[in-house]
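Engineer: Dropping in my_file_37.cif, with mmCIF, C-alpha atoms and all ligand atoms.
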data_query
#
loop_
_atom_site.label_atom_id
_atom_site.label_comp_id
_atom_site.auth_asym_id
_atom_site.auth_seq_id
_atom_site.Cartn_x
_atom_site.Cartn_y
_atom_site.Cartn_z
CA MET A 10 -33.93 -89.40 -7.70
CA ASN A 11 -32.83 -87.12 -10.44
CA LEU A 12 -35.36 -88.12 -13.05
CA SER A 13 -35.29 -85.83 -16.03
CA GLN A 14 -37.32 -82.78 -15.12
CA ALA A 15 -38.49 -82.47 -18.71
CA PRO A 16 -42.05 -83.68 -19.29
CA SER A 17 -42.29 -87.16 -20.73
CA THR A 18 -42.38 -87.27 -24.50
CA LEU A 19 -43.35 -90.94 -24.87
CA ASP A 20 -45.95 -93.22 -23.34
CA ILE A 21 -43.69 -96.06 -22.26
CA SER A 22 -40.01 -96.69 -21.54
CA VAL A 23 -38.94 -100.29 -21.07
CA VAL A 24 -35.74 -100.43 -18.99
CA VAL A 25 -33.63 -103.60 -18.92
CA PRO A 26 -30.41 -103.99 -16.87
CA ILE A 27 -27.94 -106.26 -18.63
CA TYR A 28 -24.87 -108.02 -17.35
CA ASN A 29 -23.42 -110.79 -19.52
CA GLU A 30 -26.58 -111.80 -21.35
CA GLU A 31 -25.31 -112.03 -24.95
CA GLU A 32 -27.27 -115.14 -25.96
CA THR A 33 -30.67 -113.95 -24.80
CA LEU A 34 -30.60 -110.38 -26.12
CA PRO A 35 -31.70 -111.00 -29.74
CA LEU A 36 -34.64 -113.06 -28.50
CA LEU A 37 -35.56 -110.56 -25.78
CA HIS A 38 -35.45 -107.75 -28.33
CA GLU A 39 -37.60 -109.75 -30.75
CA GLU A 40 -40.19 -110.54 -28.06
CA LEU A 41 -40.34 -106.91 -26.93
CA GLU A 42 -40.88 -105.83 -30.52
CA ASN A 43 -43.54 -108.54 -30.90
CA HIS A 44 -45.57 -107.30 -27.95
CA LEU A 45 -45.03 -103.55 -27.57
CA PRO A 46 -46.45 -102.31 -30.92
CA GLY A 47 -49.83 -103.93 -30.12
CA LEU A 48 -50.25 -101.52 -27.23
CA ASN A 49 -50.69 -98.67 -29.72
CA LYS A 50 -48.58 -96.41 -27.58
CA SER A 51 -45.32 -94.63 -28.25
CA TYR A 52 -42.41 -96.42 -26.64
CA GLU A 53 -38.67 -96.83 -26.33
CA ILE A 54 -36.53 -99.71 -25.12
CA ILE A 55 -33.52 -98.84 -22.97
CA PHE A 56 -30.86 -101.53 -22.58
CA VAL A 57 -28.39 -100.65 -19.84
CA ASP A 58 -25.16 -102.55 -20.19
CA ASP A 59 -23.80 -102.92 -16.68
CA GLY A 60 -20.17 -103.51 -17.72
CA SER A 61 -20.75 -106.85 -19.45
CA ARG A 62 -17.61 -108.80 -20.19
CA ASP A 63 -19.12 -111.05 -22.85
CA GLY A 64 -20.38 -109.93 -26.26
CA SER A 65 -23.58 -108.27 -24.92
CA LEU A 66 -22.57 -104.77 -25.93
CA ALA A 67 -21.78 -105.75 -29.52
CA VAL A 68 -25.13 -107.56 -29.75
CA MET A 69 -26.97 -104.49 -28.42
CA GLN A 70 -25.17 -102.20 -30.83
CA GLY A 71 -26.09 -104.53 -33.71
CA LEU A 72 -29.76 -104.49 -32.67
CA LYS A 73 -29.71 -100.73 -32.30
CA LYS A 74 -28.66 -100.29 -35.93
CA GLU A 75 -31.95 -101.88 -36.98
CA ASN A 76 -34.19 -100.30 -34.37
CA PRO A 77 -34.39 -96.55 -33.77
CA ARG A 78 -36.59 -97.16 -30.71
CA LEU A 79 -33.75 -98.97 -28.95
CA ARG A 80 -31.31 -96.97 -26.82
CA VAL A 81 -28.18 -98.43 -25.30
CA LEU A 82 -26.49 -97.04 -22.19
CA ARG A 83 -23.10 -98.43 -21.35
CA PHE A 84 -21.34 -98.42 -17.99
CA ALA A 85 -17.54 -98.38 -17.80
CA GLN A 86 -17.70 -101.27 -15.35
CA ASN A 87 -20.11 -103.48 -13.47
CA CYS A 88 -21.95 -101.26 -10.98
CA GLY A 89 -24.87 -103.50 -10.00
CA GLN A 90 -28.51 -103.90 -10.91
CA THR A 91 -29.81 -100.90 -8.94
CA ALA A 92 -27.32 -98.59 -10.66
CA ALA A 93 -28.33 -99.98 -14.04
CA PHE A 94 -31.99 -99.37 -13.24
CA ALA A 95 -31.23 -95.85 -11.96
CA ALA A 96 -29.35 -94.89 -15.13
CA GLY A 97 -32.22 -96.24 -17.24
CA PHE A 98 -34.82 -94.33 -15.23
CA GLU A 99 -32.89 -91.08 -15.53
CA ALA A 100 -32.66 -91.51 -19.29
CA ALA A 101 -36.27 -92.64 -19.69
CA ARG A 102 -38.70 -90.39 -21.56
CA GLY A 103 -41.83 -92.46 -20.97
CA ALA A 104 -44.75 -91.45 -18.74
CA VAL A 105 -44.74 -95.08 -17.60
CA ILE A 106 -41.59 -97.07 -16.96
CA VAL A 107 -41.64 -100.86 -17.33
CA THR A 108 -38.76 -102.95 -15.98
CA LEU A 109 -37.80 -106.54 -16.62
CA ASP A 110 -34.80 -108.87 -16.54
CA ALA A 111 -32.90 -109.60 -19.73
CA ASP A 112 -33.10 -113.36 -19.31
CA LEU A 113 -36.71 -113.85 -20.57
CA GLN A 114 -37.68 -115.56 -17.30
CA ASN A 115 -40.22 -112.73 -17.33
CA HIS A 116 -41.98 -112.48 -20.67
CA PRO A 117 -42.90 -109.26 -22.52
CA ARG A 118 -46.33 -110.75 -23.26
CA ASP A 119 -47.27 -109.94 -19.63
CA ILE A 120 -46.55 -106.22 -20.04
CA PRO A 121 -50.11 -105.34 -21.23
CA ASN A 122 -51.57 -106.95 -18.08
CA LEU A 123 -49.42 -104.72 -15.90
CA LEU A 124 -50.27 -101.62 -17.88
CA GLU A 125 -53.98 -102.28 -17.53
CA LYS A 126 -53.72 -101.48 -13.83
CA ILE A 127 -51.67 -98.32 -14.26
CA GLY A 128 -54.02 -95.42 -13.75
CA GLU A 129 -55.93 -96.98 -10.91
CA TYR A 130 -52.49 -97.73 -9.37
CA ASP A 131 -49.11 -96.01 -9.57
CA VAL A 132 -47.01 -99.16 -9.30
CA VAL A 133 -47.87 -102.64 -10.58
CA CYS A 134 -45.64 -105.50 -9.44
CA GLY A 135 -45.39 -108.85 -11.20
CA TRP A 136 -45.90 -111.90 -9.02
CA ARG A 137 -44.21 -115.09 -10.24
CA LYS A 138 -46.74 -117.35 -8.59
CA LYS A 139 -45.39 -120.48 -10.31
CA ARG A 140 -41.62 -120.13 -10.19
CA ASN A 141 -39.50 -121.94 -12.75
CA ASP A 142 -36.23 -121.84 -10.85
CA PRO A 143 -34.03 -124.49 -9.24
CA TRP A 144 -35.46 -125.59 -5.87
CA ILE A 145 -32.71 -123.88 -3.91
CA LYS A 146 -33.63 -120.55 -5.45
CA ARG A 147 -37.37 -121.11 -4.94
CA VAL A 148 -36.89 -121.94 -1.27
CA SER A 149 -34.40 -119.15 -0.55
CA SER A 150 -36.60 -116.65 -2.35
CA LYS A 151 -39.67 -117.73 -0.37
CA ILE A 152 -37.79 -117.33 2.91
CA ALA A 153 -36.39 -113.98 1.77
CA ASN A 154 -39.85 -112.69 0.85
CA ASN A 155 -41.27 -113.81 4.20
CA VAL A 156 -38.47 -112.25 6.22
CA ARG A 157 -38.61 -109.10 4.14
CA ASN A 158 -42.35 -108.73 4.52
CA ARG A 159 -42.26 -109.42 8.23
CA LEU A 160 -39.40 -107.08 9.06
CA SER A 161 -40.56 -104.27 6.84
CA ASP A 162 -44.25 -104.73 7.67
CA GLU A 163 -45.00 -105.30 4.02
CA ASP A 164 -47.27 -107.61 2.01
CA ILE A 165 -45.65 -107.84 -1.42
CA PRO A 166 -45.54 -111.55 -2.33
CA ASP A 167 -42.61 -111.33 -4.76
CA THR A 168 -40.57 -108.16 -4.67
CA GLY A 169 -37.69 -109.93 -6.46
CA CYS A 170 -39.70 -110.03 -9.69
CA SER A 171 -38.21 -107.40 -11.98
CA LEU A 172 -41.31 -107.24 -14.16
CA LYS A 173 -42.99 -104.11 -12.87
CA ALA A 174 -44.63 -100.96 -14.19
CA PHE A 175 -44.32 -97.55 -12.58
CA LYS A 176 -45.71 -94.14 -13.23
CA ARG A 177 -42.66 -92.06 -13.89
CA GLU A 178 -43.32 -89.74 -10.95
CA CYS A 179 -42.87 -92.61 -8.47
CA PHE A 180 -39.11 -92.26 -8.79
CA ALA A 181 -38.94 -88.51 -8.22
CA PRO A 182 -38.95 -88.54 -4.38
CA ILE A 183 -36.74 -91.60 -4.03
CA LYS A 184 -32.98 -91.74 -3.58
CA LEU A 185 -31.60 -95.06 -4.72
CA TYR A 186 -28.73 -96.89 -3.08
CA LYS A 187 -27.08 -100.15 -4.07
CA GLY A 188 -29.48 -103.05 -3.48
CA LEU A 189 -32.63 -100.96 -3.17
CA HIS A 190 -34.13 -102.27 -6.42
CA ARG A 191 -35.60 -105.02 -4.24
CA PHE A 192 -37.56 -102.42 -2.29
CA PHE A 193 -39.06 -100.15 -4.95
CA PRO A 194 -42.70 -100.94 -3.95
CA THR A 195 -42.04 -100.34 -0.24
CA LEU A 196 -40.17 -97.09 -0.86
CA MET A 197 -42.97 -95.90 -3.14
CA LYS A 198 -45.72 -96.82 -0.70
CA MET A 199 -43.86 -94.75 1.88
CA GLU A 200 -44.27 -91.77 -0.45
CA GLY A 201 -48.01 -92.37 -0.74
CA PHE A 202 -48.09 -94.12 -4.12
CA ARG A 203 -50.67 -96.87 -4.71
CA VAL A 204 -49.15 -100.30 -5.30
CA THR A 205 -50.79 -103.49 -6.57
CA VAL A 206 -49.72 -106.96 -7.66
CA VAL A 207 -50.52 -108.91 -10.85
CA GLU A 208 -49.74 -112.56 -11.52
CA VAL A 209 -47.20 -113.08 -14.32
CA GLY A 210 -45.63 -116.08 -16.01
CA HIS A 211 -42.17 -117.34 -15.15
CA HIS A 212 -39.93 -119.44 -17.34
CA PRO A 213 -36.67 -121.31 -16.89
CA ARG A 214 -33.51 -119.36 -17.72
CA LYS A 215 -32.55 -120.60 -21.21
CA PHE A 216 -29.15 -118.98 -21.52
CA GLY A 217 -26.39 -117.85 -19.20
CA GLU A 218 -26.74 -118.02 -15.45
CA SER A 219 -28.22 -116.08 -12.57
CA LYS A 220 -25.91 -113.36 -11.31
CA TYR A 221 -26.99 -114.02 -7.75
CA ASN A 222 -26.49 -116.94 -5.42
CA ILE A 223 -27.17 -117.48 -1.74
CA ARG A 224 -23.72 -116.22 -0.80
CA ASN A 225 -23.83 -112.91 -2.66
CA ARG A 226 -27.49 -112.21 -1.97
CA VAL A 227 -28.54 -113.23 1.53
CA PHE A 228 -26.28 -111.05 3.64
CA SER A 229 -26.28 -107.94 1.53
CA SER A 230 -30.03 -107.99 1.00
CA PHE A 231 -30.58 -108.58 4.73
CA LYS A 232 -28.52 -105.48 5.52
CA ASP A 233 -30.53 -103.55 2.93
CA LEU A 234 -33.71 -104.80 4.56
CA LEU A 235 -32.59 -103.45 7.94
CA ALA A 236 -31.90 -100.08 6.32
CA VAL A 237 -35.37 -99.99 4.75
CA ARG A 238 -36.96 -101.10 8.02
CA TRP A 239 -35.16 -98.24 9.76
CA MET A 240 -36.27 -95.73 7.13
CA LYS A 241 -39.84 -96.91 7.40
CA LYS A 242 -39.88 -96.72 11.18
CA ARG A 243 -38.22 -93.32 11.26
CA GLN A 244 -40.22 -91.77 8.47
CA LEU A 245 -41.46 -88.34 9.47
CA LYS A 246 -45.19 -88.21 9.87
CA TYR A 247 -46.86 -85.01 10.95
CA GLU A 248 -49.93 -82.99 10.29
CA ILE A 249 -50.03 -79.24 10.55
CA ILE A 250 -53.36 -78.36 12.10
CA GLU A 251 -52.89 -74.64 12.21
CA GLU A 252 -50.76 -72.08 10.48
CA ASP A 253 -50.77 -68.37 11.26
N1 LIG B 301 -27.83 -107.60 -13.70
C1 LIG B 301 -27.13 -106.42 -13.87
N2 LIG B 301 -26.04 -106.19 -13.08
C2 LIG B 301 -25.64 -107.07 -12.13
C3 LIG B 301 -26.39 -108.25 -11.93
C4 LIG B 301 -27.49 -108.48 -12.74
O1 LIG B 301 -27.48 -105.60 -14.73
O2 LIG B 301 -24.62 -106.80 -11.46
C5 LIG B 301 -28.99 -107.85 -14.56
C6 LIG B 301 -29.03 -109.22 -15.23
O3 LIG B 301 -28.35 -109.23 -16.47
C7 LIG B 301 -30.53 -109.47 -15.37
C8 LIG B 301 -31.10 -108.78 -14.13
O4 LIG B 301 -30.13 -107.83 -13.71
O5 LIG B 301 -31.05 -108.83 -16.53
C9 LIG B 301 -31.38 -109.75 -12.98
O6 LIG B 301 -30.30 -110.64 -12.81
P1 LIG B 301 -30.50 -112.22 -12.77
O7 LIG B 301 -31.49 -112.60 -13.80
O8 LIG B 301 -29.15 -112.86 -12.83
O9 LIG B 301 -31.12 -112.38 -11.30
P2 LIG B 301 -32.23 -113.43 -10.84
O10 LIG B 301 -33.43 -113.17 -11.70
O11 LIG B 301 -31.65 -114.79 -11.07
O12 LIG B 301 -32.45 -113.11 -9.40
MG MG B 302 -33.56 -113.16 -13.78
#
Take the structure I supplied and represent it as C-alpha cells, if you would.
Ligand code: UDP
Ligand code: MG

Structural biologist:
Amino acid sequence: MNLSQAPSTLDISVVVPIYNEEETLPLLHEELENHLPGLNKSYEIIFVDDGSRDGSLAVMQGLKKENPRLRVLRFAQNCGQTAAFAAGFEAARGAVIVTLDADLQNHPRDIPNLLEKIGEYDVVCGWRKKRNDPWIKRVSSKIANNVRNRLSDEDIPDTGCSLKAFKRECFAPIKLYKGLHRFFPTLMKMEGFRVTVVEVGHHPRKFGESKYNIRNRVFSSFKDLLAVRWMKKRQLKYEIIEED
C-alpha cells in the first residue's frame, strides 16, 4: 500500500479506527497516555474517525487540544474498519505501527509485551485467550477462526484481535481491500514477514456496542476468506537458477 515513502521520524504510531465510540475515547486516550510514555520511545496516537454519527469527533478534537502527540483523521462518511486502518497507516510516521480497537476491550497495558517481540518478528498478533464477550460472539468467533485457518492453511489463533504490532515495512507490499484487516498476518506471511502471537487481556465492552453481528460479519468475511485463499494458492513462486 501507499505508505509514506519518507523515512519514519518516530518510533511508534498507535492507530485506532473509531466509529461511534464517544463514551470510551477519553478513557482510551488516558490509558494510552498512561502506558506509552513508559516505553521511552517517541510516539504518536492517530485516531481515525470513520464517519462517526455520535459526538466522537468533538471528543477527539477536545483531546487533541491538550495533546500534541494526538492526530485526528476524519472521514466524510463511514467507510469501514479496513479503510480507517489504511488511512492511519498512510499517515503514520512510526517505525512500528500498533493497532487496537477504541473500545478498551484490548488494553494499552499489553502494548509493551507486543513490542518486546518486534525485532525478532515483524508482526506480533494479540491473542485474546480468555474472551470477555457474549457467548454468541465467543462461539461464532471460534468457528470463524477455525474455518479461516483451515481454508487459508493458517495457524493464527485469533486474527480478529485488533491489538497487533507491525514493522512499518510490512504494509509496503500489500494492497488493502475492504474486509482485509482480518487477514493482515496471512497477507504479511505471504510476503515473507515473520509473524508471532502473544497472549493479551480481554475485557468486556463498557460503552457502546459492537459494530459487527453475525449477519453483517459471517457472509462478507467468508467471501473475503475465499479471496485470500485464492491469492495464497495463486501466489507466484519461482526461483531463477540462471541468468545470462
Ligand atoms: N470500526 C470502524 N468502522 C466501522 C466499524 C468499526 O472504525 O465501520 C471501529 C470500531 O469503532 C472499533 C473497531 O473498529 O474501534 C472494532 O469494532 P468493534 O469493536 O465494534 O468490533 P468487535 O471488536 O466487536 O469485533
Ligand atoms: Mg472491539

Engineer: Please check which protein, DNA or RNA residues sit within 9 Å of ligand LIG 301 (chain B), counting only C-alpha atoms and all ligand atoms, and write them as a tab-separated table (two decimals) with C-alpha atoms, in the coordinates of the input.

Structural biologist:
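Result file is out_35.tsv:
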chain	number	residue	atom	x	y	z
A	25	VAL	CA	-33.63	-103.60	-18.92
A	26	PRO	CA	-30.41	-103.99	-16.87
A	27	ILE	CA	-27.94	-106.26	-18.63
A	28	TYR	CA	-24.87	-108.02	-17.35
A	29	ASN	CA	-23.42	-110.79	-19.52
A	30	GLU	CA	-26.58	-111.80	-21.35
A	57	VAL	CA	-28.39	-100.65	-19.84
A	58	ASP	CA	-25.16	-102.55	-20.19
A	59	ASP	CA	-23.80	-102.92	-16.68
A	60	GLY	CA	-20.17	-103.51	-17.72
A	61	SER	CA	-20.75	-106.85	-19.45
A	87	ASN	CA	-20.11	-103.48	-13.47
A	88	CYS	CA	-21.95	-101.26	-10.98
A	89	GLY	CA	-24.87	-103.50	-10.00
A	90	GLN	CA	-28.51	-103.90	-10.91
A	91	THR	CA	-29.81	-100.90	-8.94
A	92	ALA	CA	-27.32	-98.59	-10.66
A	93	ALA	CA	-28.33	-99.98	-14.04
A	94	PHE	CA	-31.99	-99.37	-13.24
A	109	LEU	CA	-37.80	-106.54	-16.62
A	110	ASP	CA	-34.80	-108.87	-16.54
A	111	ALA	CA	-32.90	-109.60	-19.73
A	112	ASP	CA	-33.10	-113.36	-19.31
A	113	LEU	CA	-36.71	-113.85	-20.57
A	114	GLN	CA	-37.68	-115.56	-17.30
A	115	ASN	CA	-40.22	-112.73	-17.33
A	142	ASP	CA	-36.23	-121.84	-10.85
A	146	LYS	CA	-33.63	-120.55	-5.45
A	150	SER	CA	-36.60	-116.65	-2.35
A	169	GLY	CA	-37.69	-109.93	-6.46
A	170	CYS	CA	-39.70	-110.03	-9.69
A	171	SER	CA	-38.21	-107.40	-11.98
A	214	ARG	CA	-33.51	-119.36	-17.72
A	217	GLY	CA	-26.39	-117.85	-19.20
A	218	GLU	CA	-26.74	-118.02	-15.45
A	219	SER	CA	-28.22	-116.08	-12.57
A	220	LYS	CA	-25.91	-113.36	-11.31
A	221	TYR	CA	-26.99	-114.02	-7.75
A	222	ASN	CA	-26.49	-116.94	-5.42
A	226	ARG	CA	-27.49	-112.21	-1.97

Engineer: Restricting the calculation to all atoms listed in the file: of A:Thr108, A:Leu36, A:Asp119, A:Asn76, which residue gets closest to Leu48 in chain A?

Structural biologist: A:Asp119

Engineer: Using all atoms listed in the file, which of the listed residues (A:His38, A:Arg157, A:Arg78, A:Arg140) sits closest to ligand MG 302 (chain B)?

Structural biologist: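 Distance minimum relative to ligand MG 302 (chain B) lands on A:Arg140.
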
Engineer: Would you list the residues near (-48.4, -83.9, -20.6), meaning any protein, DNA or RNA residue with an atom at most 12 Å from that point in file coordinates, counting all atoms listed in the file, as a list in words?

Structural biologist: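 Those residues, ordered by chain and then number, are Ala15, Pro16, Ser17, Thr18, Leu19, Asp20, Arg102, Gly103 and Ala104 of chain A.
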
Engineer: Could you state the separation of CA of Gly210 in chain A and CA of Leu189 in chain A in Å, given to one decimal place?

Structural biologist: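 Interatomic distance, CA of Gly210 in chain A to CA of Leu189 in chain A: 23.7 Å.
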
Engineer: Mind listing as a ChimeraX atom specification all residues within 12 Å of (-40.7, -97.5, 5.3), counting all atoms listed in the file?

Structural biologist: /A:157-158,160-163,183,192-201,234-246

Engineer: Give me, please, the distance in Å between CA of Val23 in chain A and CA of Lys126 in chain A, quoted to one decimal.

Structural biologist: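 Computing it gives 16.5 Å between the two atoms.
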
Engineer: Which polymer residues have any atom within 10 Å of an atom of Glu39 in chain A, counting only C-alpha atoms, with same-chain residues fewer than 5 positions away left out, as a list of chain:residue names?

Structural biologist: A:Leu34, A:His44, A:Leu72, A:Pro117

Engineer: Mind pulling up the distance from CA of His190 in chain A to CA of Lys176 in chain A?

Structural biologist: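 For CA of Lys176 in chain A relative to CA of His190 in chain A, the distance reads 15.7 Å.
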
Engineer: Which residue is closest to ligand MG 302 (chain B)? Choose from A:Lys50, A:Gly64, A:Leu185, A:Thr33 and count all atoms listed in the file.

Structural biologist: A:Thr33
